[in-house]
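Report on one structure; see the data block that follows.
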Amino acid sequence: MLPPKLKSASSHLEGFGRAYATILFSRHRISGALFFLATLAYPNIGLAGLLAAVVASITATQLRLPNLDGGLHVFNSLLVGLSLGAVYQLDAYLALLIAISAAFAVFVTAATANVLWRLGALPALSVPFVMVAVAAALAAKGYGNLELYLAPYLPREDWFGAVLDRFFISLGAVYFSTHPAAGLLLFLGIVWQSRYAALLCICGYAVGRLVFDLLSGSSYDAIADWNAFNYALTAIALGGIFCIPSVGAFALAMIGAACSAFLTASMQSLFLLHQLPVMAFPFLFTTLTFLFALSLRSAPGKPWLVLTNPATPEVNYERARLAQARSGGLNSVPLHAPFFGTWNVYQGFNGPHTHQGLWQHALDFFISHDGRSFEDKGAALTDYHCFALPVVSPAYGRVVRIRQNIPDNAPGEVNVQYNWGNFVLLRLENGLHVLIAHLLQNSIKVNEGDYVYPGTPLGACGNSGRSPQPHVHMQLQRDARLGRPTLPFHLANVIHFQSGESGRFCLATLPKEGDSIRAADRDPRLANPLHLPVGRTLTYRVEDSHRGTRQITFRVELTLFGRFRLVCNGGASCAIQETDYVLACFDRTGPREPALALWMLAVGLTPFSAQADRWSDAPAADLLPLSPMQRLVMHGLFPLGAGLDSEYQRTWDKAHSVWRQRANHVLKIGPLNWQAATEADLCPDVGFRRLALRCGTREIEATLTDVGLSEDAGVPEKRQSLEDAAPGLTHTRDNANP
Amino acid sequence: MTDNTTADKPVWIKPTLRAHRSGLLNKFGAVPSRQWQDEFEDVPVADLIHQFGSPLFVISEQRLRKNVRHLTRAFSARYPRVQYSWSYKTNYLNAVCAIAHQEGAWAEVVSAFEYEKARNLGVPGEKILFNGPHKPRAILERAIKEGAHIHVDHLDELQLIDEIARATAQNVEITLRLNFDTGVTEPWSRFGFNVESGQALDAAWRVAHSPNLKLTGLHSHIGTFVMDTRAYRAQVKTMCQFMERAEKDTGCQIDCIDVGGGFASRNALQGVYLPPEQVVPSIDQYAEAICDTLLEATHGREREGRPRPLLLLETGRAVVDDAEILLTSVVGNKRLPDGRRATIVDAGVNLLFTAFWYHHNVKPTRELSGVAEETVLYGPLCMNIDVMRASILLPPLDVGDVLMFSPVGAYNNTQWLQFIEYRPNVVLVHDDRQVSIVRAAEDLQAVTAQERLPDHLRDVSPR
C-alpha cells in the first residue's frame with residue numbers, strides 16, 4: 001500500500017500519461033509516456049506543454065469538474081501550451097500567457113464537451129484547443145514582450161528517407177514536434193495501443209496526401225506537411241474509434257481523409273491571411289460533421305457508430321463481434337416467444353405465403369405433430385392442436401389497440417376484409433410496436449392501456465382474418481397503424497429445434513419454416529446460485545500447470561454507469577450481465593489473468609433454463625492460453641481479434657449433485673486448429689464450485705474455497721469457507737470418491 | 001361343399017323374445033352403439049385371439065404416446081413450467097411405464113414396490129415423486145439418498161424423515177401433502193395435512209424448525225374421476241394461498257406445486273346417466289382450469305424475484321384408459337327365469353376389476369344379425385358378483401364370438417385378481433403394428449411359484 005501522498009502523486013502522474021495518450025485516442029500509459037517523450041524533441045515546446053498540463057490539471061481538480069479521469073481537460077490545455085511553445089520562447093511572459101490560456105481552456109472544455117454531448121453524444125475531441133489556441137495566437141500578436149522561438153529545423157531527408165520523414169513530421173505536428181524522430185515515437189505509441197489504428201493512420205495519410213498533391217500539383221509544401229496529420233487523425237477516428245471497424249467504416253475513413261485534405265487546403269488559404277496555423281481544424285470539422293450526420297439516420301446501420309462508449313478499434317470490434325454472435329443482428333429487436341410450451345414455425349421471414357416485400361419480417365406459429373396440425377379429420381377448429389391455446393406477451397410494453405369481434409373462420413376459409421382478424425397491438429419501451437394477430441374471437445384478456453410483460457396472457461390462438469388454419473402471427477412495426485411495413489426482430493431465450501436436431505438454447509435466433517421453438521423457462525435452481533450481487537467475493541484456489549498454485553479472489557463491483565464487473569485481485573476484470581435467462585461475461589480489461597480467462601471461457605454465457613443442454617457461443621480467441629508465438633500469429637492474421645467456435649453442453653451429474661457444464665473452444669486458422677476444453681461444476685448451493693481448462697499441455701483448475709461479501713459502511717465483511725456454506729457438499733464428494 | 005347353396009338361401013336368424021320398447025334416443029343419451037369392430041389399431045382381432053389366446057388385454061403404444069403428448073402439450077402450452085409424472089398404480093406394466101418415461105414423464109409411486117419398480121426401469125431418484133401413507137424406513141432411506149421427491153403424509157413420517165436426515169447428515173427437500181375442502185368434491189381428508197384446521201401450517205413450521213429439512217413443494221390430490229373442473233380451480237387457489245402464507249410465515253421457498261391427478265377418462269361411471277362424451281371434460285378444459293388459476297395466482301411472483309412454481313401432474317387414468325382394450329370370448333348362453341338372456345364370457349371381474357364401477361363400452365367383433373335384446377354379461381367365476389355388464393342390448397351371440405371391452409387401461413392391470421382363473425396375456429401393438437407380449441399368461445408354475453409346502457403335507461393321500 002502506498003502512503004496517501006505518494007498515491008495521489010502517482011494518480012496525478014497517471015492522469016498526465018492519459019492526457020498525453022488521449023490526443024492520439026490511446027488510453028495506455030506506455031503510449032502516453034512515448035508521446036510525452038515525443039514532445040521533448042524540442043524542449044521549448046515540450047516544457048510549454050507540460051506547464052499548460054500542470055495548470056490545467058490543478059484547475060480541473062480544484063474545481064472538481066466532471067470526468068476528470070478522462071484526461072479531456074488536461075489534453076486540450078496541453079495542446080494550447082504546445083502551440084504557444086512552438087511559436088514563442090518559453091520565458092516568464094509566455095508562462096503567464098500559457099497559464100491563463102491553459103486555465104481558460106479547461107472552462108472551454110467543460111462547456112464544449114457538454115454542448116456537443118447534448119447535440120448527439122458527440123465527442124469534444126480537441127475543439128476547445130482550437131478555439132483557445134486561435135484566440136491565444138491572435139492575442140499574442142499584440143504582446144510585444146513575447147520573443148519568437150525558432151525551432152532548430154533539421155535538414156530533411158536525413159532520417160528515414162523523404163517519404164517516411166514527411167509522414168513522421170506530419171505526425172509529430174500533432175504535438176507541434178515537427179521532427180521525424182518525434183513522429184516515430186508517436187507512431188510507435190499508436191502501434192503499441194492498436195495495430196489497426198496504425199493501419200488507418202498510414203492509409204488515411206496516404207489518401208489525404210494523394211488528394212492534396214493531385215489538386216495542388218505539387219508534392220512539396222512545408223506547411224502542408226505539417227497539416228497532413230489531419231488526414232491520419234480523421235481516418236483513425238472515423239474508421240475505428242467512433243465506428244465499429246468494417247469495410248464500410250474503412251471506406252468512410254478514407255472519404256473523411258480526402259475531405260479533410262480538401263478542407264486543409266481551403267483553411268490554409270484563409271488562415272494564412274492572418275498568419276494563423278490550420279492546426280486540427282480540418283480533422284475536427286470533418287470528423288464531427290460525419291459523426292453527427294451518421295447519427296441522424298432514421299434506422300441505425302452500417303457503419304455502426306459507438307459514440308457513447310468509444311474504444312480502440314480492436315475493443316470496438318470485439319464488443320460488436322460478441323454482441324453479434326450472441327444477440328444476432330445489431331438492429332434486430334429481441335422478442336420472447338408469444339406462447340408457452342413448444343410450437344412450430346408455420347411461416348418464417350420472407351415466407352412463401354404472405355411474409356413478403358414490406359411485410360417480410362414476420363413469424364407465424366402453430367403446433368404440428370408428425371406433419372399434421374390437427375387430430376381426427378381437421379374439419380372443426382377444435383381439432384387443431386394450437387386452437388384456443390393461450391397467446392402471451394412477447395415483451396414489456398403497453399397495449400395500444402385491440403380488436404376481438406371478428407368471427408373465426410372455418411378451416412380452409414380466409415377473411416380478407418379484415419386481414420389481421422382479432423389482434424393485440426403493443427407499444428414497446430423502445431417506441432416500436434408488436435402486432436399479434438389472428439386471435440380467437442372474444443378471447444382477449446387485456447385492455448387498451450394495460451401494461452404487460454413477457455408471459456402476460458393476451459388472448460387465445462384463433463383463426464380470424466387471413467388465416468386458413470389456427471395460428472399466431474407476430475410482427476414488429478414502427479407505428480400503431482395496421483398493415484405498416486415490418487421491421488426485423490428475432491426470438492430471445494428459446495430452445496430452437498432445427499429439423500432432425502435436438503434442441504439448442506439460443507439467446508437469439510431466427511427460426512425457419514418447419515423449425516420448433518420452445519420458450520425457455522427460468523429454473524431457480526440454476527438462477528439462484530448464479531446470482532452475483534455487488535460485493536460478492538469468490539475465492540478460488542487456482543492450480544496452474546505453468547504457474548503453480550495461487551489464491552485468486554473475484555469481487556463483483558458496480559461501475560458508475562451501472563455495469564457489473566467481476567474484478568480479480570490483480571486488477572483484471574470482465575463485465576458480467578445477469579438477465580432473467582442468462583449470465584453473460586464479456587469485455588475483459590486489465591492484465592492477462594489466466595483465472596479470469598478460465599472463468600470467461602467456462603462460464604461464458606450460462607443459461608438459467610434447465611432445458612438448455614446445448615448452446616454455442618463465440619468468446620474472444622484472446623482468452624485461450626496461447627504461447628507468445630501463437631499469439632503473434634493470431635494477431636497477425638486477425639488484427640481486429642477473432643471469436644472462438646465454442647460448443648457448450650450441460651448435464652446433471654447425479655452422483656455429485658452438480659450441473660456439469662462442458663465446452664470445447666476451437667479456433668481454426670487454415671490447417672491450424674487450436675482448441676481448449678473447459679469444464680465447470682455448477683453446484684445448486686454455491687454456484688461455480690470448480691472450473692477447469694485444458695489446452696495442450698496447459699492445465700488450469702480453480703476450486704472454490706471461500707464465498708463472501710465485501711464490507712460496506714456499517715456492514716462488516718462476511719466470509720464463509722465452503723464447508724460452512726454447504727455442509728452437504730463435502731458429504732456428497734466423499735460418497736463419490738471414497 | 002355348402003358354399004354354392006348358402007348364397008341363395010336367407011340367413012338363419014335365431015328366434016328371440018323381445019319386449020316392446022319405444023324410441024331409439026331417450027333423454028339419457030344416445031342408443032348403445034350397434035357398431036362392431038373387428039380390428040384394434042389395424043390388427044385383426046381374430047389374429048390376436050388366434051395368436052395369443054382369449055381373454056386378452058391389448059395395449060396401443062401409439063394411442064398411449066399420443067395421450068401423454070396431448071396432456072403435456074395442453075399444460076405446457078398454458079403454463080411455463082410443467083412436469084408430468086406417470087402414476088404407477090394406474091398401470092405399472094413395465095412396457096406402459098417405459099413408454100410414458102420415453103415421452104418425458106417422471107414416475108409417481110406410492111410404495112416400496114413401486115419405487116423399486118421405477119428405479120429398476122432406470123428412472124433416476126430425482127425424477128420420482130414418492131407419495132402414499134406407508135413408506136417404511138428402509139425405502140425412505142434409499143429414496144432420500146437417491147434424491148427422490150418425498151411427499152409427506154403425516155407427522156410421524158415427517159419425524160422419521162427428520163431422523164434419517166439428521167443421522168445421515170443430509171439436507172432433505174420435502175413436499176407436504178395437503179387436504180382441504182374444494183367445495184365441489186368430497187374432501188379426501190385421510191391423506192396429508194389439513195389446511196383449514198391449521199394442521200398444514202403447523203407441519204410447515206415443524207419443517208422450518210428442522211435444520212435438515214427444507215419445505216420446497218406442496219401436493220394435493222382432490223379425488224378421482226373428478227368431472228367438474230371448478231374443483232381444480234378451487235384446489236389451485238387454495239394451494240397457492242397456502243404457498244404464500246407458508247413462505248411468508250416460515251421463510252420457505254416453494255418450488256413445486258403438485259396438483260395430483262383425478263381427471264376423468266371417457267368411461268361411463270355407473271349411476272351417471274349421461275354418456276361420457278357429454279359429461280367428461282376434455283384434457284384441455286382441465287388444463288385451462290388449472291393453468292389459468294395458477295397463472296393468475298402466481299401473477300407477479302417472478303417480477304418480485306420469486307419464481308413461479310413448477311406444476312407437477314400425476315395423471316393416470318385419463319392418459320392410459322383408452323389405450324387398452326380387453327378381448328373376451330363367449331363360452332355359453334342361457335335364458336334367465338325372468339326372461340332376460342345371459343351370456344357367459346371368459347373374462348370376469350377378476351380381470352376387469354373396474355367393471356364394479358363402470359359400464360364399459362362393449363362391442364362385438366363381427367357384424368351380428370338378429371334383434372338386440374337385453375342381456376346380462378357374466379364372467380367365468382364361480383361367484384355371484386361376477387357381472388361384467390348387468391344390462392346391455394346385444395343381438396344373439398355364438399359360442400366363440402369375441403367381445404371388445406373398452407376403455408380398460410386404468411387400474412385393471414394393477415387391481416386384477418389372481419382368483420380362480422389364470423391371468424391371460426397382455427400384448428402391445430407397437431407403433432409399427434407389430435404385436436408383442438408385454439406380460440405373459442400365467443400358468444400353474446407362475447401362480448404357485450411363491451408357495452412353500454411343508455414336507456409333512458407333500459403326500460395328499462388320506463392318512
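Here's how to read the names in the C-alpha cells: chain A, B, ... by the order shown, residue numbers from 1 in each chain, ligand numbers from 1 in the order shown.
The protein and nucleic acid residues lying at most 8 Å from Ser327 of chain A are Pro334, Leu507, Ala508 and Thr509 of chain A, with only C-alpha atoms considered and sequence neighbours fewer than 5 positions away removed.
With only C-alpha atoms taken into account, chain B has Arg73, Ser76, Ala77, Arg78, Tyr79, Pro80, Arg81, Gln170, Asn171 and Pro307 of chain B at most 7 Å from chain A.
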Preceding selection exported with N, CA and C atoms as a short mmCIF file (atom, residue, chain, number, x, y, z; two decimals), in the first residue's frame:
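Writing done, so here's again.cif:
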```
data_model
loop_
_atom_site.label_atom_id
_atom_site.label_comp_id
_atom_site.auth_asym_id
_atom_site.auth_seq_id
_atom_site.Cartn_x
_atom_site.Cartn_y
_atom_site.Cartn_z
N ARG B 73 -48.70 -31.30 -23.77
CA ARG B 73 -48.85 -30.11 -24.60
C ARG B 73 -49.93 -29.19 -24.03
N SER B 76 -48.27 -27.58 -20.93
CA SER B 76 -47.07 -26.75 -21.09
C SER B 76 -47.32 -25.60 -22.06
N ALA B 77 -48.41 -25.66 -22.83
CA ALA B 77 -48.74 -24.51 -23.67
C ALA B 77 -49.51 -23.47 -22.88
N ARG B 78 -49.83 -23.80 -21.62
CA ARG B 78 -50.62 -22.85 -20.83
C ARG B 78 -49.89 -22.34 -19.60
N TYR B 79 -48.77 -22.96 -19.29
CA TYR B 79 -48.03 -22.55 -18.08
C TYR B 79 -46.56 -22.81 -18.35
N PRO B 80 -45.67 -21.89 -17.93
CA PRO B 80 -44.27 -22.02 -18.37
C PRO B 80 -43.49 -23.19 -17.76
N ARG B 81 -43.87 -23.69 -16.60
CA ARG B 81 -43.06 -24.76 -16.01
C ARG B 81 -43.96 -25.94 -15.63
N GLN B 170 -27.80 -35.20 5.93
CA GLN B 170 -28.20 -34.77 4.59
C GLN B 170 -29.23 -33.67 4.72
N ASN B 171 -29.27 -32.80 3.70
CA ASN B 171 -30.35 -31.82 3.61
C ASN B 171 -31.43 -32.42 2.74
N PRO B 307 -39.63 -17.12 -8.20
CA PRO B 307 -40.04 -17.79 -9.43
C PRO B 307 -41.40 -18.47 -9.30
#
```
>> Counting only C-alpha atoms, which residue out of B:Asp255, B:Asp386, B:Glu373, B:Glu304 sits closest to Arg335 of chain B?
In response: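 Once distances to Arg335 of chain B are computed over only C-alpha atoms, the minimum belongs to B:Glu373.
The shortest atom-to-atom distance to Asp202 of chain B, with only C-alpha atoms taken into account, belongs to B:Asp249 out of B:Gly217, B:Asp249, B:Phe57, B:Arg190.
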Taking 2 positions as the minimum chain separation for residues in the same chain, which residues sit within 7 Å of segment 239-241 of chain A when counting only C-alpha atoms? Answer as a CSV table (one decimal) with C-alpha atoms, in the first residue's frame.
```
chain,number,residue,atom,x,y,z
A,197,ALA,CA,-5.3,2.4,-35.8
A,200,LEU,CA,-5.8,3.6,-40.6
A,235,ALA,CA,-9.1,8.2,-40.7
A,236,ILE,CA,-8.4,6.8,-37.2
A,237,ALA,CA,-11.4,8.5,-35.6
A,243,CYS,CA,-17.3,3.4,-35.7
A,244,ILE,CA,-17.0,-0.3,-35.4
A,245,PRO,CA,-14.3,-1.4,-37.8
A,249,ALA,CA,-16.1,2.1,-41.9
A,250,PHE,CA,-12.8,1.9,-43.7
A,252,LEU,CA,-15.8,6.1,-44.6
A,253,ALA,CA,-12.5,6.8,-43.0
A,310,PRO,CA,-15.7,4.6,-27.9
A,311,ALA,CA,-12.6,2.5,-27.5
A,312,THR,CA,-9.7,1.3,-29.6
A,313,PRO,CA,-10.7,-0.4,-32.9
```
